[in-house]
>>> print(open('final.pdb').read())   # PDB, N, CA and C atoms
ATOM      1  N   MET V   5     118.832  90.074 142.551
ATOM      2  CA  MET V   5     119.327  89.486 141.323
ATOM      3  C   MET V   5     118.231  89.450 140.255
ATOM      4  N   LEU V   6     117.037  89.032 140.667
ATOM      5  CA  LEU V   6     115.922  88.941 139.728
ATOM      6  C   LEU V   6     115.544  90.323 139.203
ATOM      7  N   ARG V   7     115.593  91.336 140.084
ATOM      8  CA  ARG V   7     115.289  92.706 139.652
ATOM      9  C   ARG V   7     116.261  93.179 138.581
ATOM     10  N   SER V   8     117.530  92.904 138.772
ATOM     11  CA  SER V   8     118.520  93.362 137.796
ATOM     12  C   SER V   8     118.352  92.643 136.458
ATOM     13  N   LEU V   9     117.956  91.368 136.479
ATOM     14  CA  LEU V   9     117.718  90.643 135.231
ATOM     15  C   LEU V   9     116.497  91.180 134.502
ATOM     16  N   VAL V  10     115.435  91.493 135.253
ATOM     17  CA  VAL V  10     114.232  92.060 134.645
ATOM     18  C   VAL V  10     114.551  93.422 134.046
ATOM     19  N   PHE V  11     115.288  94.255 134.784
ATOM     20  CA  PHE V  11     115.669  95.577 134.283
ATOM     21  C   PHE V  11     116.518  95.447 133.023
ATOM     22  N   LEU V  12     117.445  94.516 133.020
ATOM     23  CA  LEU V  12     118.304  94.301 131.858
ATOM     24  C   LEU V  12     117.489  93.834 130.657
ATOM     25  N   ALA V  13     116.503  92.964 130.881
ATOM     26  CA  ALA V  13     115.653  92.490 129.789
ATOM     27  C   ALA V  13     114.819  93.624 129.222
ATOM     28  N   ILE V  14     114.265  94.466 130.094
ATOM     29  CA  ILE V  14     113.470  95.609 129.634
ATOM     30  C   ILE V  14     114.352  96.600 128.890
ATOM     31  N   LEU V  15     115.539  96.849 129.399
ATOM     32  CA  LEU V  15     116.464  97.774 128.745
ATOM     33  C   LEU V  15     116.859  97.265 127.364
ATOM     34  N   SER V  16     117.120  95.974 127.231
ATOM     35  CA  SER V  16     117.512  95.441 125.922
ATOM     36  C   SER V  16     116.345  95.460 124.948
ATOM     37  N   LEU V  17     115.118  95.267 125.434
ATOM     38  CA  LEU V  17     113.953  95.352 124.552
ATOM     39  C   LEU V  17     113.724  96.775 124.079
ATOM     40  N   ALA V  18     113.961  97.740 124.954
ATOM     41  CA  ALA V  18     113.709  99.139 124.607
ATOM     42  C   ALA V  18     114.704  99.659 123.580
ATOM     43  N   THR V  19     115.908  99.123 123.549
ATOM     44  CA  THR V  19     116.928  99.633 122.637
ATOM     45  C   THR V  19     117.228  98.683 121.485
ATOM     46  N   ALA V  20     116.459  97.620 121.346
ATOM     47  CA  ALA V  20     116.762  96.615 120.330
ATOM     48  C   ALA V  20     116.673  97.161 118.915
ATOM     49  N   PHE V  21     115.734  98.053 118.645
ATOM     50  CA  PHE V  21     115.549  98.557 117.295
ATOM     51  C   PHE V  21     115.845 100.044 117.182
ATOM     52  N   HIS V  22     116.612 100.579 118.096
ATOM     53  CA  HIS V  22     116.956 102.001 118.069
ATOM     54  C   HIS V  22     118.028 102.254 117.014
ATOM     55  N   LEU V  23     117.809 103.247 116.181
ATOM     56  CA  LEU V  23     118.811 103.640 115.194
ATOM     57  C   LEU V  23     119.382 104.991 115.583
ATOM     58  N   PRO V  24     120.680 105.156 115.483
ATOM     59  CA  PRO V  24     121.248 106.478 115.742
ATOM     60  C   PRO V  24     120.680 107.498 114.757
ATOM     61  N   PRO V  25     120.632 108.767 115.132
ATOM     62  CA  PRO V  25     120.046 109.787 114.250
ATOM     63  C   PRO V  25     120.675 109.858 112.869
ATOM     64  N   THR V  26     121.934 109.462 112.725
ATOM     65  CA  THR V  26     122.588 109.550 111.422
ATOM     66  C   THR V  26     122.042 108.536 110.423
ATOM     67  N   PHE V  27     121.408 107.471 110.899
ATOM     68  CA  PHE V  27     120.892 106.442 110.009
ATOM     69  C   PHE V  27     119.406 106.594 109.704
ATOM     70  N   ARG V  28     118.743 107.550 110.306
ATOM     71  CA  ARG V  28     117.323 107.750 110.049
ATOM     72  C   ARG V  28     117.143 108.469 108.723
ATOM     73  N   PRO V  29     116.249 107.981 107.883
ATOM     74  CA  PRO V  29     116.002 108.677 106.615
ATOM     75  C   PRO V  29     115.327 110.014 106.869
ATOM     76  N   SER V  30     115.749 111.012 106.124
ATOM     77  CA  SER V  30     115.156 112.330 106.312
ATOM     78  C   SER V  30     114.315 112.683 105.096
ATOM     79  N   ILE V  31     113.113 113.146 105.350
ATOM     80  CA  ILE V  31     112.224 113.588 104.285
ATOM     81  C   ILE V  31     111.982 115.068 104.492
ATOM     82  N   SER V  32     112.373 115.836 103.527
ATOM     83  CA  SER V  32     112.152 117.270 103.593
ATOM     84  C   SER V  32     110.860 117.595 102.865
ATOM     85  N   LEU V  33     109.865 118.074 103.615
ATOM     86  CA  LEU V  33     108.592 118.396 102.987
ATOM     87  C   LEU V  33     108.646 119.748 102.285
ATOM     88  N   ASN V  34     109.784 120.452 102.388
ATOM     89  CA  ASN V  34     109.921 121.739 101.715
ATOM     90  C   ASN V  34     110.301 121.569 100.251
ATOM     91  N   ALA V  35     110.899 120.444  99.898
ATOM     92  CA  ALA V  35     111.324 120.219  98.518
ATOM     93  C   ALA V  35     110.098 119.980  97.644
ATOM     94  N   GLN V  36     110.062 120.632  96.508
ATOM     95  CA  GLN V  36     108.940 120.512  95.584
ATOM     96  C   GLN V  36     109.339 119.639  94.399
ATOM     97  N   VAL V  37     108.411 118.838  93.946
ATOM     98  CA  VAL V  37     108.615 117.940  92.812
ATOM     99  C   VAL V  37     107.588 118.295  91.752
ATOM    100  N   LYS V  38     108.022 118.361  90.497
ATOM    101  CA  LYS V  38     107.096 118.645  89.396
ATOM    102  C   LYS V  38     106.605 117.321  88.831
ATOM    103  N   LEU V  39     105.294 117.113  88.886
ATOM    104  CA  LEU V  39     104.683 115.915  88.315
ATOM    105  C   LEU V  39     103.849 116.319  87.113
ATOM    106  N   THR V  40     103.915 115.524  86.053
ATOM    107  CA  THR V  40     103.190 115.814  84.815
ATOM    108  C   THR V  40     102.360 114.598  84.428
ATOM    109  N   ASN V  41     101.104 114.837  84.030
ATOM    110  CA  ASN V  41     100.281 113.718  83.566
ATOM    111  C   ASN V  41     100.471 113.515  82.070
ATOM    112  N   SER V  42      99.833 112.511  81.506
ATOM    113  CA  SER V  42     100.022 112.185  80.091
ATOM    114  C   SER V  42      99.477 113.264  79.161
ATOM    115  N   ALA V  43      98.565 114.104  79.643
ATOM    116  CA  ALA V  43      98.016 115.189  78.827
ATOM    117  C   ALA V  43      98.902 116.430  78.850
ATOM    118  N   GLY V  44      99.951 116.425  79.676
ATOM    119  CA  GLY V  44     100.869 117.550  79.739
ATOM    120  C   GLY V  44     100.614 118.508  80.887
ATOM    121  N   LYS V  45      99.590 118.281  81.687
ATOM    122  CA  LYS V  45      99.309 119.140  82.837
ATOM    123  C   LYS V  45     100.359 118.870  83.906
ATOM    124  N   ALA V  46     100.954 119.934  84.452
ATOM    125  CA  ALA V  46     102.000 119.792  85.456
ATOM    126  C   ALA V  46     101.597 120.511  86.738
ATOM    127  N   VAL V  47     101.961 119.932  87.867
ATOM    128  CA  VAL V  47     101.738 120.543  89.176
ATOM    129  C   VAL V  47     102.991 120.365  90.017
ATOM    130  N   MET V  48     103.189 121.287  90.944
ATOM    131  CA  MET V  48     104.283 121.188  91.904
ATOM    132  C   MET V  48     103.701 120.671  93.213
ATOM    133  N   VAL V  49     104.273 119.597  93.736
ATOM    134  CA  VAL V  49     103.826 119.022  95.001
ATOM    135  C   VAL V  49     105.041 118.775  95.887
ATOM    136  N   ALA V  50     104.812 118.726  97.181
ATOM    137  CA  ALA V  50     105.897 118.476  98.125
ATOM    138  C   ALA V  50     106.281 117.004  98.089
ATOM    139  N   GLU V  51     107.595 116.746  98.074
ATOM    140  CA  GLU V  51     108.028 115.349  98.094
ATOM    141  C   GLU V  51     107.672 114.741  99.443
ATOM    142  N   GLY V  52     107.246 113.504  99.411
ATOM    143  CA  GLY V  52     106.819 112.833 100.631
ATOM    144  C   GLY V  52     105.361 113.054 100.964
ATOM    145  N   SER V  53     104.680 113.900 100.184
ATOM    146  CA  SER V  53     103.250 114.119 100.417
ATOM    147  C   SER V  53     102.464 112.946  99.828
ATOM    148  N   PRO V  54     101.225 112.754 100.254
ATOM    149  CA  PRO V  54     100.445 111.619  99.737
ATOM    150  C   PRO V  54     100.256 111.691  98.222
ATOM    151  N   LEU V  55     100.515 110.586  97.555
ATOM    152  CA  LEU V  55     100.377 110.524  96.101
ATOM    153  C   LEU V  55      98.917 110.646  95.685
ATOM    154  N   LYS V  56      98.018 110.243  96.554
ATOM    155  CA  LYS V  56      96.583 110.340  96.276
ATOM    156  C   LYS V  56      96.178 111.797  96.051
ATOM    157  N   ALA V  57      96.703 112.717  96.861
ATOM    158  CA  ALA V  57      96.401 114.143  96.715
ATOM    159  C   ALA V  57      97.010 114.701  95.435
ATOM    160  N   ALA V  58      98.224 114.261  95.088
ATOM    161  CA  ALA V  58      98.866 114.717  93.854
ATOM    162  C   ALA V  58      98.078 114.251  92.633
ATOM    163  N   CYS V  59      97.542 113.047  92.691
ATOM    164  CA  CYS V  59      96.725 112.528  91.583
ATOM    165  C   CYS V  59      95.485 113.383  91.379
ATOM    166  N   SER V  60      94.852 113.782  92.469
ATOM    167  CA  SER V  60      93.643 114.597  92.324
ATOM    168  C   SER V  60      93.972 115.969  91.757
ATOM    169  N   LYS V  61      95.143 116.531  92.099
ATOM    170  CA  LYS V  61      95.564 117.816  91.526
ATOM    171  C   LYS V  61      95.818 117.700  90.027
ATOM    172  N   LEU V  62      96.306 116.539  89.589
ATOM    173  CA  LEU V  62      96.597 116.314  88.173
ATOM    174  C   LEU V  62      95.369 115.880  87.380
ATOM    175  N   GLY V  63      94.293 115.574  88.064
ATOM    176  CA  GLY V  63      93.092 115.108  87.381
ATOM    177  C   GLY V  63      93.117 113.628  87.069
ATOM    178  N   ILE V  64      94.034 112.900  87.707
ATOM    179  CA  ILE V  64      94.126 111.453  87.524
ATOM    180  C   ILE V  64      93.217 110.796  88.553
ATOM    181  N   LYS V  65      92.373 109.884  88.097
ATOM    182  CA  LYS V  65      91.432 109.207  88.991
ATOM    183  C   LYS V  65      91.692 107.706  88.981
ATOM    184  N   PRO V  66      92.621 107.233  89.848
ATOM    185  CA  PRO V  66      92.868 105.789  89.910
ATOM    186  C   PRO V  66      91.628 105.052  90.410
ATOM    187  N   LYS V  67      91.498 103.803  90.011
ATOM    188  CA  LYS V  67      90.375 102.986  90.472
ATOM    189  C   LYS V  67      90.776 102.330  91.788
ATOM    190  N   TYR V  68      90.121 102.747  92.863
ATOM    191  CA  TYR V  68      90.408 102.210  94.189
ATOM    192  C   TYR V  68      89.433 101.089  94.520
ATOM    193  N   SER V  69      89.942 100.027  95.136
ATOM    194  CA  SER V  69      89.072  98.954  95.622
ATOM    195  C   SER V  69      89.154  98.875  97.142
ATOM    196  N   CYS V  70      90.336  98.564  97.652
ATOM    197  CA  CYS V  70      90.472  98.363  99.095
ATOM    198  C   CYS V  70      90.870  99.642  99.839
ATOM    199  N   LYS V  71      91.557 100.567  99.172
ATOM    200  CA  LYS V  71      92.069 101.814  99.752
ATOM    201  C   LYS V  71      93.056 101.571 100.898
ATOM    202  N   LYS V  72      93.675 100.369 100.929
ATOM    203  CA  LYS V  72      94.662 100.031 101.949
ATOM    204  C   LYS V  72      95.990  99.585 101.352
ATOM    205  N   GLY V  73      96.059  99.431 100.029
ATOM    206  CA  GLY V  73      97.287  98.976  99.394
ATOM    207  C   GLY V  73      97.385  97.478  99.218
ATOM    208  N   ASP V  74      96.340  96.749  99.551
ATOM    209  CA  ASP V  74      96.377  95.287  99.448
ATOM    210  C   ASP V  74      96.113  94.777  98.038
ATOM    211  N   CYS V  75      95.132  95.360  97.350
ATOM    212  CA  CYS V  75      94.675  94.783  96.076
ATOM    213  C   CYS V  75      95.535  95.199  94.876
ATOM    214  N   GLY V  76      96.084  96.403  94.884
ATOM    215  CA  GLY V  76      96.916  96.866  93.775
ATOM    216  C   GLY V  76      96.147  97.396  92.588
ATOM    217  N   SER V  77      94.834  97.562  92.702
ATOM    218  CA  SER V  77      94.042  98.037  91.558
ATOM    219  C   SER V  77      94.320  99.496  91.215
ATOM    220  N   CYS V  78      94.872 100.266  92.147
ATOM    221  CA  CYS V  78      95.128 101.685  91.908
ATOM    222  C   CYS V  78      96.562 101.957  91.465
ATOM    223  N   THR V  79      97.385 100.951  91.250
ATOM    224  CA  THR V  79      98.811 101.104  90.957
ATOM    225  C   THR V  79      99.055 101.992  89.743
ATOM    226  N   LEU V  80      99.977 102.974  89.922
ATOM    227  CA  LEU V  80     100.359 103.906  88.861
ATOM    228  C   LEU V  80     101.857 103.828  88.627
ATOM    229  N   SER V  81     102.303 104.299  87.471
ATOM    230  CA  SER V  81     103.726 104.388  87.172
ATOM    231  C   SER V  81     104.180 105.822  87.407
ATOM    232  N   VAL V  82     105.101 105.998  88.347
ATOM    233  CA  VAL V  82     105.645 107.322  88.659
ATOM    234  C   VAL V  82     107.149 107.246  88.501
ATOM    235  N   GLY V  83     107.669 107.898  87.484
ATOM    236  CA  GLY V  83     109.106 107.900  87.260
ATOM    237  C   GLY V  83     109.679 106.518  87.020
ATOM    238  N   GLY V  84     108.913 105.634  86.418
ATOM    239  CA  GLY V  84     109.388 104.288  86.136
ATOM    240  C   GLY V  84     109.144 103.293  87.251
ATOM    241  N   SER V  85     108.670 103.760  88.397
ATOM    242  CA  SER V  85     108.353 102.869  89.514
ATOM    243  C   SER V  85     106.851 102.721  89.634
ATOM    244  N   ARG V  86     106.424 101.553  90.045
ATOM    245  CA  ARG V  86     104.991 101.322  90.242
ATOM    246  C   ARG V  86     104.667 101.620  91.703
ATOM    247  N   ILE V  87     103.763 102.584  91.911
ATOM    248  CA  ILE V  87     103.406 103.033  93.255
ATOM    249  C   ILE V  87     101.895 102.970  93.415
ATOM    250  N   LYS V  88     101.452 102.572  94.593
ATOM    251  CA  LYS V  88     100.018 102.548  94.908
ATOM    252  C   LYS V  88      99.655 103.892  95.542
ATOM    253  N   PRO V  89      98.878 104.734  94.858
ATOM    254  CA  PRO V  89      98.579 106.067  95.386
ATOM    255  C   PRO V  89      97.745 106.066  96.659
ATOM    256  N   CYS V  90      97.036 104.990  96.944
ATOM    257  CA  CYS V  90      96.222 104.970  98.162
ATOM    258  C   CYS V  90      97.097 104.987  99.416
ATOM    259  N   VAL V  91      98.316 104.471  99.329
ATOM    260  CA  VAL V  91      99.215 104.438 100.480
ATOM    261  C   VAL V  91     100.586 105.043 100.171
ATOM    262  N   GLY V  92     100.880 105.331  98.905
ATOM    263  CA  GLY V  92     102.201 105.787  98.492
ATOM    264  C   GLY V  92     102.431 107.269  98.697
ATOM    265  N   LYS V  93     103.687 107.648  98.677
ATOM    266  CA  LYS V  93     104.111 109.040  98.813
ATOM    267  C   LYS V  93     104.765 109.499  97.514
ATOM    268  N   VAL V  94     104.795 110.808  97.312
ATOM    269  CA  VAL V  94     105.459 111.384  96.139
ATOM    270  C   VAL V  94     106.957 111.154  96.301
ATOM    271  N   PRO V  95     107.627 110.522  95.320
ATOM    272  CA  PRO V  95     109.059 110.246  95.445
ATOM    273  C   PRO V  95     109.892 111.519  95.381
ATOM    274  N   ALA V  96     111.117 111.408  95.859
ATOM    275  CA  ALA V  96     112.032 112.547  95.868
ATOM    276  C   ALA V  96     112.428 112.939  94.453
ATOM    277  N   ALA V  97     112.730 114.204  94.260
ATOM    278  CA  ALA V  97     113.067 114.735  92.939
ATOM    279  C   ALA V  97     114.323 114.120  92.322
ATOM    280  N   PRO V  98     115.431 113.890  93.061
ATOM    281  CA  PRO V  98     116.624 113.332  92.408
ATOM    282  C   PRO V  98     116.365 112.002  91.728
ATOM    283  N   ARG V  99     115.503 111.175  92.285
ATOM    284  CA  ARG V  99     115.183 109.891  91.667
ATOM    285  C   ARG V  99     114.497 110.108  90.324
ATOM    286  N   LEU V 100     113.598 111.080  90.264
ATOM    287  CA  LEU V 100     112.920 111.382  89.013
ATOM    288  C   LEU V 100     113.878 112.021  88.017
ATOM    289  N   ALA V 101     114.781 112.889  88.496
ATOM    290  CA  ALA V 101     115.720 113.563  87.608
ATOM    291  C   ALA V 101     116.680 112.562  86.978
ATOM    292  N   SER V 102     117.119 111.565  87.733
ATOM    293  CA  SER V 102     118.067 110.597  87.180
ATOM    294  C   SER V 102     117.427 109.782  86.061
ATOM    295  N   ILE V 103     116.145 109.538  86.159
ATOM    296  CA  ILE V 103     115.448 108.815  85.093
ATOM    297  C   ILE V 103     115.358 109.690  83.851
ATOM    298  N   ALA V 104     115.077 110.979  84.035
ATOM    299  CA  ALA V 104     114.982 111.903  82.908
ATOM    300  C   ALA V 104     116.337 112.058  82.216
ATOM    301  N   GLU V 105     117.424 112.028  82.984
ATOM    302  CA  GLU V 105     118.762 112.158  82.402
ATOM    303  C   GLU V 105     119.104 110.970  81.508
ATOM    304  N   LYS V 106     118.537 109.823  81.774
ATOM    305  CA  LYS V 106     118.798 108.633  80.965
ATOM    306  C   LYS V 106     117.981 108.629  79.679
ATOM    307  N   GLY V 107     117.171 109.670  79.489
ATOM    308  CA  GLY V 107     116.388 109.764  78.271
ATOM    309  C   GLY V 107     115.031 109.097  78.356
ATOM    310  N   LEU V 108     114.663 108.645  79.542
ATOM    311  CA  LEU V 108     113.356 108.025  79.716
ATOM    312  C   LEU V 108     112.330 109.092  80.067
ATOM    313  N   MET V 109     111.119 108.925  79.606
ATOM    314  CA  MET V 109     110.083 109.909  79.857
ATOM    315  C   MET V 109     109.557 109.773  81.288
ATOM    316  N   VAL V 110     109.477 110.889  81.984
ATOM    317  CA  VAL V 110     108.943 110.921  83.338
ATOM    318  C   VAL V 110     107.511 111.377  83.255
ATOM    319  N   LYS V 111     106.586 110.514  83.679
ATOM    320  CA  LYS V 111     105.159 110.856  83.650
ATOM    321  C   LYS V 111     104.681 111.162  85.035
TER     322      LYS V 111
END
>>> encode(input="final.pdb", output="structure tokens")
Amino acid sequence: MLRSLVFLAILSLATAFHLPPTFRPSISLNAQVKLTNSAGKAVMVAEGSPLKAACSKLGIKPKYSCKKGDCGSCTLSVGGSRIKPCVGKVPAAPRLASIAEKGLMVK
């Protein structure tokens, strides 16, 4: 009896946070996003890639303090959202396109 209770407890712990494959977010690293800095320089980067690398390609040098995302000193505006490049990823293109369609400038 005790064995079956232990097995049941372990089984419930192992599946407590399991999500079916249909609910897992998918990031396609093949999709390219065009990012432009305030000077007009544009680069194509893969969506979901580190924002820190995209910043260096654009010549943007955020001021880093902690490099862990705690302090917020490196926070940048990307497509109207504030993202920390030390830990952030390049957002998906449709999100940026929808902002551009509303007439807002995408930087």
>>> residues_around(input="final.pdb", residues="V:Lys61", least_positions_apart="6", cutoff="12 Å", atoms="only C-alpha atoms", output="list in words")
Lys38, Leu39, Thr40, Asn41, Lys45, Ala46, Val47, Met48, Val49, Pro54 and Leu55 of chain V
>>> residues_around(input="final.pdb", residues="V:Ala96", least_positions_apart="6", cutoff="8 Å", atoms="only C-alpha atoms", output="list in words")
Val37, Glu51 and Gly52 of chain V
>>> residues_near_point(input="final.pdb", point="(98.6, 98.6, 98.4)", cutoff="8 Å", atoms="only N, CA and C atoms", output="mmCIF file with N, CA and C atoms, in the coordinates of the input")
data_model
loop_
_atom_site.group_PDB
_atom_site.id
_atom_site.type_symbol
_atom_site.label_atom_id
_atom_site.label_comp_id
_atom_site.auth_asym_id
_atom_site.auth_seq_id
_atom_site.Cartn_x
_atom_site.Cartn_y
_atom_site.Cartn_z
ATOM 1 N N CYS V 70 90.336 98.564 97.652
ATOM 2 C CA CYS V 70 90.472 98.363 99.095
ATOM 3 C C CYS V 70 90.870 99.642 99.839
ATOM 4 N N LYS V 71 91.557 100.567 99.172
ATOM 5 C CA LYS V 71 92.069 101.814 99.752
ATOM 6 C C LYS V 71 93.056 101.571 100.898
ATOM 7 N N LYS V 72 93.675 100.369 100.929
ATOM 8 C CA LYS V 72 94.662 100.031 101.949
ATOM 9 C C LYS V 72 95.990 99.585 101.352
ATOM 10 N N GLY V 73 96.059 99.431 100.029
ATOM 11 C CA GLY V 73 97.287 98.976 99.394
ATOM 12 C C GLY V 73 97.385 97.478 99.218
ATOM 13 N N ASP V 74 96.340 96.749 99.551
ATOM 14 C CA ASP V 74 96.377 95.287 99.448
ATOM 15 C C ASP V 74 96.113 94.777 98.038
ATOM 16 N N CYS V 75 95.132 95.360 97.350
ATOM 17 C CA CYS V 75 94.675 94.783 96.076
ATOM 18 C C CYS V 75 95.535 95.199 94.876
ATOM 19 N N GLY V 76 96.084 96.403 94.884
ATOM 20 C CA GLY V 76 96.916 96.866 93.775
ATOM 21 C C GLY V 76 96.147 97.396 92.588
ATOM 22 N N SER V 77 94.834 97.562 92.702
ATOM 23 C CA SER V 77 94.042 98.037 91.558
ATOM 24 C C SER V 77 94.320 99.496 91.215
ATOM 25 N N CYS V 78 94.872 100.266 92.147
ATOM 26 C CA CYS V 78 95.128 101.685 91.908
ATOM 27 C C CYS V 78 96.562 101.957 91.465
ATOM 28 N N THR V 79 97.385 100.951 91.250
ATOM 29 C CA THR V 79 98.811 101.104 90.957
ATOM 30 C C THR V 79 99.055 101.992 89.743
ATOM 31 N N ILE V 87 103.763 102.584 91.911
ATOM 32 C CA ILE V 87 103.406 103.033 93.255
ATOM 33 C C ILE V 87 101.895 102.970 93.415
ATOM 34 N N LYS V 88 101.452 102.572 94.593
ATOM 35 C CA LYS V 88 100.018 102.548 94.908
ATOM 36 C C LYS V 88 99.655 103.892 95.542
ATOM 37 N N PRO V 89 98.878 104.734 94.858
ATOM 38 C CA PRO V 89 98.579 106.067 95.386
ATOM 39 C C PRO V 89 97.745 106.066 96.659
ATOM 40 N N CYS V 90 97.036 104.990 96.944
ATOM 41 C CA CYS V 90 96.222 104.970 98.162
ATOM 42 C C CYS V 90 97.097 104.987 99.416
ATOM 43 N N VAL V 91 98.316 104.471 99.329
ATOM 44 C CA VAL V 91 99.215 104.438 100.480
ATOM 45 C C VAL V 91 100.586 105.043 100.171
ATOM 46 N N GLY V 92 100.880 105.331 98.905
ATOM 47 C CA GLY V 92 102.201 105.787 98.492
ATOM 48 C C GLY V 92 102.431 107.269 98.697
#
>>> atom_distance(input="final.pdb", atom1="atom C of V:Pro95", atom2="atom C of V:Gly44")
18.6 Å
>>> atom_distance(input="final.pdb", atom1="atom CA of V:Ile64", atom2="atom CA of V:Ser81")
11.9 Å
>>> atom_distance(input="final.pdb", atom1="atom CA of V:Ala35", atom2="atom N of V:Ala50")
6.8 Å
>>> closest_residue(input="final.pdb", among="V:Lys93, V:Ala57, V:Leu62, V:Tyr68", to="V:Ser42", atoms="only C-alpha atoms")
V:Leu62
>>> closest_residue(input="final.pdb", among="V:Ser69, V:Gln36, V:Cys59, V:Ser53", to="V:Val82", atoms="only C-alpha atoms")
V:Cys59
